[in-house]
Amino acid sequence: MGRSKNLPLSFYFSLRYVILFIRMRILQMRVENWQFSDESAKKMKTEVIRIQQENLTQEEEEALRQAGEVLKNGGLVAFPTETVYGLGGDALNRESSRKIYAAKGRPSDNPLIIHISRFEDIYPIVTEVPEAAKKLAQSFWPGPLTMILPKSERVPYETTGGLDTVAVRMPSHPVARKLIAYGGGYVAAPSANTSGKPSPTVARYVQEDMAGRIDVIIDGGEVGIGLESTIIDLTVNPPQILRPGYITREMLQQVLDKVDTDVTILSGESGQAPKAPGMKYRHYAPQGELTIVMGTPEAVVEYINRHAAEDKANGEKTGIIGTEEVLGRYRADVIKSVGSRNDEESIGRHLYTILREFDDENVTKIYSEGFTTEGYGQAIMNRLLKAAGHKVVTL
Ligand code: TXA
Ligand code: MG
């Protein structure tokens with residue numbers, strides 16, 4: 001006792017820092033635990049419910065109501081949306097958000113989108129609904145648009161990855177909207193894939209990644225769009241697109257006067273961090289090495305065929321992502337049509353499924369045609385560039 005009285009004040013300060021450091025380390029270890037408690041999380045029984053039409057039978061309605069109860073009780077339910085399948089948990093329950101990160105193996109600084117089923121439900125989770133948000137909602141909700149707004153105290157930091165802003169989206173898929181309503185109104189849902197894999201466009205891929213890790217999977221058939229929602233940040237002026245999607249910049253500009261685009265969306269070496277934390281991770285990556293080839297159709301076909309032949313001679317299994325218009329001219333082990341150049345929506349819809357199929361078939365070298373970055377092409381190229389780790393050949 002007597003001795004400690006004589007210790008200098010600075011000793012106590014350093015002691016406080018040591019304790020603080022230890023506490024932070026413990027917290028960090030907990031975070032690591034949610035991410036890597038993979039094997040223990042894999043032992044659950046996952047129920048699969050099929051709901052593939054709009055007019056629900058009484059049984060299907062009841063099944064959805066029960067899935068909503070699972071959410072309310074802190075469980076996880078994967079469900080179809082019009083963009084990609086989501087992995088849902090109660091957005092206002094910090095434990096549910098932690099479980100989502102664990103099930104996906106996702107870094108916990110990567111915030112989740114809160115899904116709502118009615119516009120008025122936005123008010124309790126944000127501190128302010130600017131005029132721009134109302135206008136955008138009127139034009140694009142329900143639909144594939146996510147808005148970033150300042151979060152209210154109701155939203156736990158576990159859901160926003162520690163940020164003071166929150167991402168909100170009202171999906172248009174009827175099953176999604178019913179589930180959200182039954183689940184209490186606020187469903188945090190990232191794409192229902194293991195972190196680093198392409199987002200699932202069919203329930204089969206959700207099952208592949210999530211069976212044994214979550215409570216329920218709702219199989220609603222193939223999604224309509226196939227790429228994740230457009231994200232617009234309304235906390236900055238002018239508003240800024242953080243992730244391109246089906247709702248293009250041109251469409252947004254018809255409602256708001258000026259819209260900026262995060263410069264990192266299409267460039268690999270801007271040296272800047274993307275504003276949406278999730279965009280910095282190497283997403284959507286197939287296991288094979290993917291190269292995008294840009295040029296005239298003639299030159300692209302010639303280049304891809306020549307390189308695929310060389311790779312094959314070196315023992316690689318080769319794959320090509322091509323468009324309908326030139327598909328018959330390719331030569332490789334696996335050739336897949338991503339859609340038609342005259343129908344960009346078909347390309348968006350098939351891209352992730354094709355990347356997954358190349359994994360299923362153990363293709364080791366993949367070549368893809370490139371696309372314009374105008375309009376919806378910006379979203380397509382953004383995903384393709386990430387899948388390729390920005391490996392592009394321009395002829
Ligand atoms: O279409 C979609 O948006 C799908 C379906 C399921 O709704 N969801 C989806 O979620 O794509 P996820 O978690 O895979 O992607 C969410 C993206 C991430 O890049 C994340 O960093 C960003 O949104 N994000 C979320 N909250 C944010 C915030 N407060 N500020 C900036 N970016 C945010
Ligand atoms: Mg995702």
# chains A, B, ... in the order shown; residues from 1 in each chain; ligands from 1

call {"tool": "residues_near_ligand", "arguments": {"ligand": "ligand 2", "cutoff": "6 Å", "atoms": "only C-alpha atoms and all ligand atoms", "output": "MDAnalysis selection string"}}
result
chainID A and resid 190:191 199

call {"tool": "residues_near_ligand", "arguments": {"ligand": "ligand 1", "cutoff": "6 Å", "atoms": "only C-alpha atoms and all ligand atoms", "output": "PyMOL selection string"}}
result
chain A and resi 83-86+110-113+148+160+163+165-167+189-191+228-229+275-279

call {"tool": "select_by_dssp", "arguments": {"residues": "segment 33-162 of chain A", "states": "helix (DSSP H, G or I)", "output": "PyMOL selection string"}}
result
chain A and resi 33-36+38-41+58-72+94-104+119-125+131-140

call {"tool": "write_last_selection", "arguments": {"atoms": "N, CA and C atoms", "output": "short mmCIF file (atom, residue, chain, number, x, y, z; two decimals), in the first residue's frame"}}
result
data_model
loop_
_atom_site.label_atom_id
_atom_site.label_comp_id
_atom_site.auth_asym_id
_atom_site.auth_seq_id
_atom_site.Cartn_x
_atom_site.Cartn_y
_atom_site.Cartn_z
N ASN A 33 -12.92 -14.31 -33.97
CA ASN A 33 -13.69 -15.51 -33.70
C ASN A 33 -14.97 -15.59 -34.50
N TRP A 34 -15.69 -14.43 -34.65
CA TRP A 34 -16.92 -14.53 -35.43
C TRP A 34 -16.57 -14.93 -36.83
N GLN A 35 -15.40 -14.45 -37.31
CA GLN A 35 -15.10 -14.73 -38.70
C GLN A 35 -14.66 -16.16 -38.94
N PHE A 36 -14.02 -16.74 -37.96
CA PHE A 36 -13.43 -18.04 -38.25
C PHE A 36 -14.03 -19.19 -37.45
N ASP A 38 -16.07 -20.85 -38.34
CA ASP A 38 -16.65 -21.56 -39.47
C ASP A 38 -17.12 -22.97 -39.19
N GLU A 39 -16.20 -23.79 -38.69
CA GLU A 39 -16.51 -25.21 -38.59
C GLU A 39 -17.64 -25.47 -37.62
N SER A 40 -17.61 -24.75 -36.47
CA SER A 40 -18.69 -24.98 -35.50
C SER A 40 -20.00 -24.46 -36.07
N ALA A 41 -19.92 -23.39 -36.89
CA ALA A 41 -21.15 -22.81 -37.44
C ALA A 41 -21.75 -23.72 -38.51
N GLN A 58 -51.62 -21.41 -49.04
CA GLN A 58 -51.69 -21.15 -47.60
C GLN A 58 -50.47 -21.69 -46.89
N GLU A 59 -50.02 -22.86 -47.36
CA GLU A 59 -48.84 -23.49 -46.73
C GLU A 59 -47.59 -22.64 -46.91
N GLU A 60 -47.45 -22.09 -48.14
CA GLU A 60 -46.27 -21.26 -48.41
C GLU A 60 -46.30 -19.99 -47.56
N GLU A 61 -47.47 -19.41 -47.46
CA GLU A 61 -47.64 -18.21 -46.63
C GLU A 61 -47.24 -18.51 -45.19
N GLU A 62 -47.67 -19.66 -44.71
CA GLU A 62 -47.36 -20.07 -43.34
C GLU A 62 -45.85 -20.30 -43.18
N ALA A 63 -45.25 -20.91 -44.20
CA ALA A 63 -43.81 -21.17 -44.14
C ALA A 63 -43.04 -19.85 -44.07
N LEU A 64 -43.50 -18.85 -44.83
CA LEU A 64 -42.85 -17.54 -44.81
C LEU A 64 -43.01 -16.88 -43.45
N ARG A 65 -44.22 -17.05 -42.88
CA ARG A 65 -44.47 -16.46 -41.57
C ARG A 65 -43.51 -17.07 -40.54
N GLN A 66 -43.32 -18.38 -40.66
CA GLN A 66 -42.40 -19.05 -39.72
C GLN A 66 -40.96 -18.61 -39.93
N ALA A 67 -40.59 -18.41 -41.20
CA ALA A 67 -39.23 -17.92 -41.49
C ALA A 67 -39.07 -16.53 -40.86
N GLY A 68 -40.13 -15.73 -40.89
CA GLY A 68 -40.11 -14.41 -40.24
C GLY A 68 -39.87 -14.55 -38.74
N GLU A 69 -40.49 -15.57 -38.14
CA GLU A 69 -40.28 -15.82 -36.71
C GLU A 69 -38.82 -16.17 -36.42
N VAL A 70 -38.23 -16.96 -37.33
CA VAL A 70 -36.82 -17.33 -37.18
C VAL A 70 -35.98 -16.05 -37.11
N LEU A 71 -36.27 -15.10 -38.01
CA LEU A 71 -35.53 -13.83 -38.01
C LEU A 71 -35.73 -13.09 -36.69
N LYS A 72 -37.00 -13.02 -36.25
CA LYS A 72 -37.30 -12.30 -35.00
C LYS A 72 -36.58 -12.92 -33.81
N ARG A 94 -27.83 -6.96 -32.65
CA ARG A 94 -26.39 -7.04 -32.93
C ARG A 94 -25.90 -8.48 -33.05
N GLU A 95 -26.52 -9.39 -32.29
CA GLU A 95 -26.09 -10.80 -32.37
C GLU A 95 -26.36 -11.38 -33.76
N SER A 96 -27.49 -11.00 -34.35
CA SER A 96 -27.82 -11.50 -35.69
C SER A 96 -26.77 -11.03 -36.69
N SER A 97 -26.38 -9.76 -36.58
CA SER A 97 -25.38 -9.24 -37.52
C SER A 97 -24.06 -10.00 -37.35
N ARG A 98 -23.71 -10.28 -36.10
CA ARG A 98 -22.47 -11.05 -35.88
C ARG A 98 -22.55 -12.42 -36.55
N LYS A 99 -23.73 -13.04 -36.43
CA LYS A 99 -23.90 -14.36 -37.04
C LYS A 99 -23.76 -14.29 -38.55
N ILE A 100 -24.26 -13.20 -39.14
CA ILE A 100 -24.15 -13.04 -40.60
C ILE A 100 -22.68 -13.01 -41.00
N TYR A 101 -21.89 -12.21 -40.29
CA TYR A 101 -20.45 -12.14 -40.63
C TYR A 101 -19.80 -13.51 -40.51
N ALA A 102 -20.17 -14.22 -39.45
CA ALA A 102 -19.57 -15.55 -39.23
C ALA A 102 -19.96 -16.51 -40.35
N ALA A 103 -21.25 -16.52 -40.72
CA ALA A 103 -21.72 -17.47 -41.74
C ALA A 103 -21.05 -17.20 -43.08
N LYS A 104 -20.79 -15.92 -43.39
CA LYS A 104 -20.18 -15.58 -44.68
C LYS A 104 -18.66 -15.63 -44.64
N PHE A 119 -41.91 2.21 -47.26
CA PHE A 119 -41.07 3.40 -47.20
C PHE A 119 -41.03 4.01 -45.81
N GLU A 120 -42.17 4.08 -45.14
CA GLU A 120 -42.21 4.78 -43.84
C GLU A 120 -41.32 4.12 -42.78
N ASP A 121 -40.93 2.86 -43.03
CA ASP A 121 -40.06 2.19 -42.06
C ASP A 121 -38.64 2.76 -42.05
N ILE A 122 -38.34 3.64 -42.99
CA ILE A 122 -37.01 4.23 -43.03
C ILE A 122 -36.82 5.21 -41.86
N TYR A 123 -37.89 5.86 -41.42
CA TYR A 123 -37.74 6.95 -40.45
C TYR A 123 -37.05 6.56 -39.14
N PRO A 124 -37.41 5.43 -38.50
CA PRO A 124 -36.75 5.11 -37.23
C PRO A 124 -35.26 4.77 -37.34
N ILE A 125 -34.77 4.42 -38.53
CA ILE A 125 -33.37 3.96 -38.59
C ILE A 125 -32.40 5.00 -39.12
N GLU A 131 -34.78 15.36 -49.07
CA GLU A 131 -35.69 15.42 -50.21
C GLU A 131 -35.22 14.46 -51.31
N ALA A 132 -33.90 14.40 -51.52
CA ALA A 132 -33.35 13.53 -52.57
C ALA A 132 -33.76 12.08 -52.33
N ALA A 133 -33.75 11.65 -51.07
CA ALA A 133 -34.10 10.26 -50.76
C ALA A 133 -35.58 10.01 -51.09
N LYS A 134 -36.41 10.99 -50.78
CA LYS A 134 -37.84 10.82 -51.07
C LYS A 134 -38.07 10.72 -52.58
N LYS A 135 -37.38 11.58 -53.31
CA LYS A 135 -37.54 11.57 -54.77
C LYS A 135 -37.06 10.25 -55.36
N LEU A 136 -35.90 9.78 -54.89
CA LEU A 136 -35.36 8.53 -55.42
C LEU A 136 -36.28 7.37 -55.09
N ALA A 137 -36.80 7.37 -53.87
CA ALA A 137 -37.70 6.28 -53.46
C ALA A 137 -38.95 6.28 -54.34
N GLN A 138 -39.44 7.47 -54.63
CA GLN A 138 -40.64 7.55 -55.46
C GLN A 138 -40.41 6.94 -56.85
N SER A 139 -39.21 7.18 -57.38
CA SER A 139 -38.92 6.68 -58.73
C SER A 139 -38.46 5.22 -58.75
N PHE A 140 -37.67 4.82 -57.74
CA PHE A 140 -36.98 3.52 -57.87
C PHE A 140 -37.30 2.49 -56.79
#

call {"tool": "select_by_dssp", "arguments": {"residues": "segment 297-368 of chain A", "states": "strand (DSSP E or B)", "output": "list in words"}}
result
Thr318, Gly319, Ile320, Ile321, Gly322, Thr323, Val334, Ile335, Lys336, Ser337, Val338, Gly339, Ser340, Asp343, Lys365, Ile366, Tyr367 and Ser368 of chain A

call {"tool": "closest_residue", "arguments": {"among": "A:Val206, A:Val301, A:Ala309, A:Val155", "to": "Thr194 of chain A", "atoms": "only C-alpha atoms"}}
result
A:Val206

call {"tool": "residues_around", "arguments": {"residues": "Asp360 of chain A", "least_positions_apart": "4", "cutoff": "12 Å", "atoms": "only C-alpha atoms", "output": "list in words"}}
result
Tyr205, Glu208, Pro286, Gln287, Gly288, Gly319, Val334, Thr353, Ile354, Leu355, Arg356 and Thr364 of chain A

call {"tool": "write_last_selection", "arguments": {"atoms": "C-alpha atoms", "output": "PDB file, in the first residue's frame"}}
result
ATOM      1  CA  TYR A 205     -25.418 -21.786 -54.879  1.00  0.00           C
ATOM      2  CA  GLU A 208     -23.548 -24.808 -51.587  1.00  0.00           C
ATOM      3  CA  PRO A 286     -13.539 -17.409 -59.822  1.00  0.00           C
ATOM      4  CA  GLN A 287     -10.887 -19.992 -58.935  1.00  0.00           C
ATOM      5  CA  GLY A 288      -9.452 -19.919 -62.466  1.00  0.00           C
ATOM      6  CA  GLY A 319     -12.770 -21.566 -70.509  1.00  0.00           C
ATOM      7  CA  VAL A 334     -15.564 -24.954 -71.847  1.00  0.00           C
ATOM      8  CA  THR A 353     -23.780 -18.031 -62.654  1.00  0.00           C
ATOM      9  CA  ILE A 354     -21.172 -18.537 -65.361  1.00  0.00           C
ATOM     10  CA  LEU A 355     -18.309 -17.628 -63.018  1.00  0.00           C
ATOM     11  CA  ARG A 356     -19.615 -20.228 -60.549  1.00  0.00           C
ATOM     12  CA  THR A 364      -7.978 -22.960 -64.606  1.00  0.00           C
TER      13      THR A 364
END

call {"tool": "residues_around", "arguments": {"residues": "segment 335-346 of chain A", "least_positions_apart": "3", "cutoff": "10 Å", "atoms": "only C-alpha atoms", "output": "NGL selection string"}}
result
:A and (224-227 or 246 or 318-328 or 330-332 or 349-355 or 357-358 or 366-369 or 371 or 375-377 or 380)

call {"tool": "write_last_selection", "arguments": {"atoms": "C-alpha atoms", "output": "mmCIF file, in the first residue's frame"}}
result
data_model
loop_
_atom_site.group_PDB
_atom_site.id
_atom_site.type_symbol
_atom_site.label_atom_id
_atom_site.label_comp_id
_atom_site.auth_asym_id
_atom_site.auth_seq_id
_atom_site.Cartn_x
_atom_site.Cartn_y
_atom_site.Cartn_z
ATOM 1 C CA GLY A 224 -34.306 -11.413 -62.366
ATOM 2 C CA ILE A 225 -31.352 -9.012 -62.456
ATOM 3 C CA GLY A 226 -28.316 -10.994 -61.340
ATOM 4 C CA LEU A 227 -26.077 -8.111 -60.164
ATOM 5 C CA TYR A 246 -29.270 -1.841 -62.664
ATOM 6 C CA THR A 318 -9.491 -23.478 -70.576
ATOM 7 C CA GLY A 319 -12.770 -21.566 -70.509
ATOM 8 C CA ILE A 320 -14.273 -18.713 -72.523
ATOM 9 C CA ILE A 321 -16.997 -16.215 -71.612
ATOM 10 C CA GLY A 322 -18.409 -15.011 -74.920
ATOM 11 C CA THR A 323 -21.470 -13.364 -76.402
ATOM 12 C CA GLU A 324 -24.069 -15.118 -78.601
ATOM 13 C CA GLU A 325 -22.971 -13.187 -81.651
ATOM 14 C CA VAL A 326 -19.507 -14.813 -81.909
ATOM 15 C CA LEU A 327 -19.821 -17.878 -79.682
ATOM 16 C CA GLY A 328 -19.548 -20.452 -82.479
ATOM 17 C CA TYR A 330 -14.390 -20.007 -80.104
ATOM 18 C CA ARG A 331 -12.268 -23.063 -79.334
ATOM 19 C CA ALA A 332 -11.626 -24.131 -75.701
ATOM 20 C CA ARG A 349 -28.252 -11.984 -65.395
ATOM 21 C CA HIS A 350 -25.813 -14.713 -66.444
ATOM 22 C CA LEU A 351 -22.421 -13.369 -65.376
ATOM 23 C CA TYR A 352 -22.252 -14.674 -61.791
ATOM 24 C CA THR A 353 -23.780 -18.031 -62.654
ATOM 25 C CA ILE A 354 -21.172 -18.537 -65.361
ATOM 26 C CA LEU A 355 -18.309 -17.628 -63.018
ATOM 27 C CA GLU A 357 -19.973 -22.841 -63.305
ATOM 28 C CA PHE A 358 -16.335 -22.406 -64.278
ATOM 29 C CA ILE A 366 -10.629 -18.146 -68.355
ATOM 30 C CA TYR A 367 -10.902 -15.485 -71.076
ATOM 31 C CA SER A 368 -13.827 -13.103 -71.325
ATOM 32 C CA GLU A 369 -14.918 -10.570 -73.890
ATOM 33 C CA PHE A 371 -17.979 -4.587 -72.624
ATOM 34 C CA GLY A 375 -25.152 2.820 -68.963
ATOM 35 C CA TYR A 376 -25.712 -0.627 -67.470
ATOM 36 C CA GLY A 377 -22.371 -1.692 -68.969
ATOM 37 C CA ILE A 380 -21.278 -5.316 -65.739
#

call {"tool": "residues_around", "arguments": {"residues": "Met381 of chain A", "least_positions_apart": "4", "cutoff": "8 Å", "atoms": "only C-alpha atoms", "output": "PDB file with C-alpha atoms, in the first residue's frame"}}
result
ATOM      1  CA  LEU A 266     -13.709   0.996 -62.798  1.00  0.00           C
ATOM      2  CA  GLY A 370     -15.035  -7.007 -72.520  1.00  0.00           C
ATOM      3  CA  PHE A 371     -17.979  -4.587 -72.624  1.00  0.00           C
ATOM      4  CA  THR A 372     -18.603  -0.867 -72.923  1.00  0.00           C
ATOM      5  CA  THR A 373     -18.817   1.083 -69.676  1.00  0.00           C
ATOM      6  CA  GLY A 377     -22.371  -1.692 -68.969  1.00  0.00           C
ATOM      7  CA  LEU A 385     -13.027  -6.286 -63.616  1.00  0.00           C
TER       8      LEU A 385
END

call {"tool": "atom_distance", "arguments": {"atom1": "atom CA of Ile114 of chain A", "atom2": "atom CA of Val202 of chain A"}}
result
21.3 Å

call {"tool": "residues_around", "arguments": {"residues": "Arg204 of chain A", "least_positions_apart": "6", "cutoff": "10 Å", "atoms": "only C-alpha atoms", "output": "VMD selection string"}}
result
chain A and resid 210 to 211 217 219 221 to 222

call {"tool": "atom_distance", "arguments": {"atom1": "atom CA of Gln240 of chain A", "atom2": "atom CA of Thr159 of chain A"}}
result
21.6 Å

call {"tool": "residues_around", "arguments": {"residues": "Val236 of chain A", "least_positions_apart": "4", "cutoff": "12 Å", "atoms": "only C-alpha atoms", "output": "ChimeraX atom specification"}}
result
/A:130,132,147-150,165,232,240-242,258-262,275

call {"tool": "atom_distance", "arguments": {"atom1": "atom CA of Leu92 of chain A", "atom2": "atom CA of Gly220 of chain A"}}
result
25.3 Å
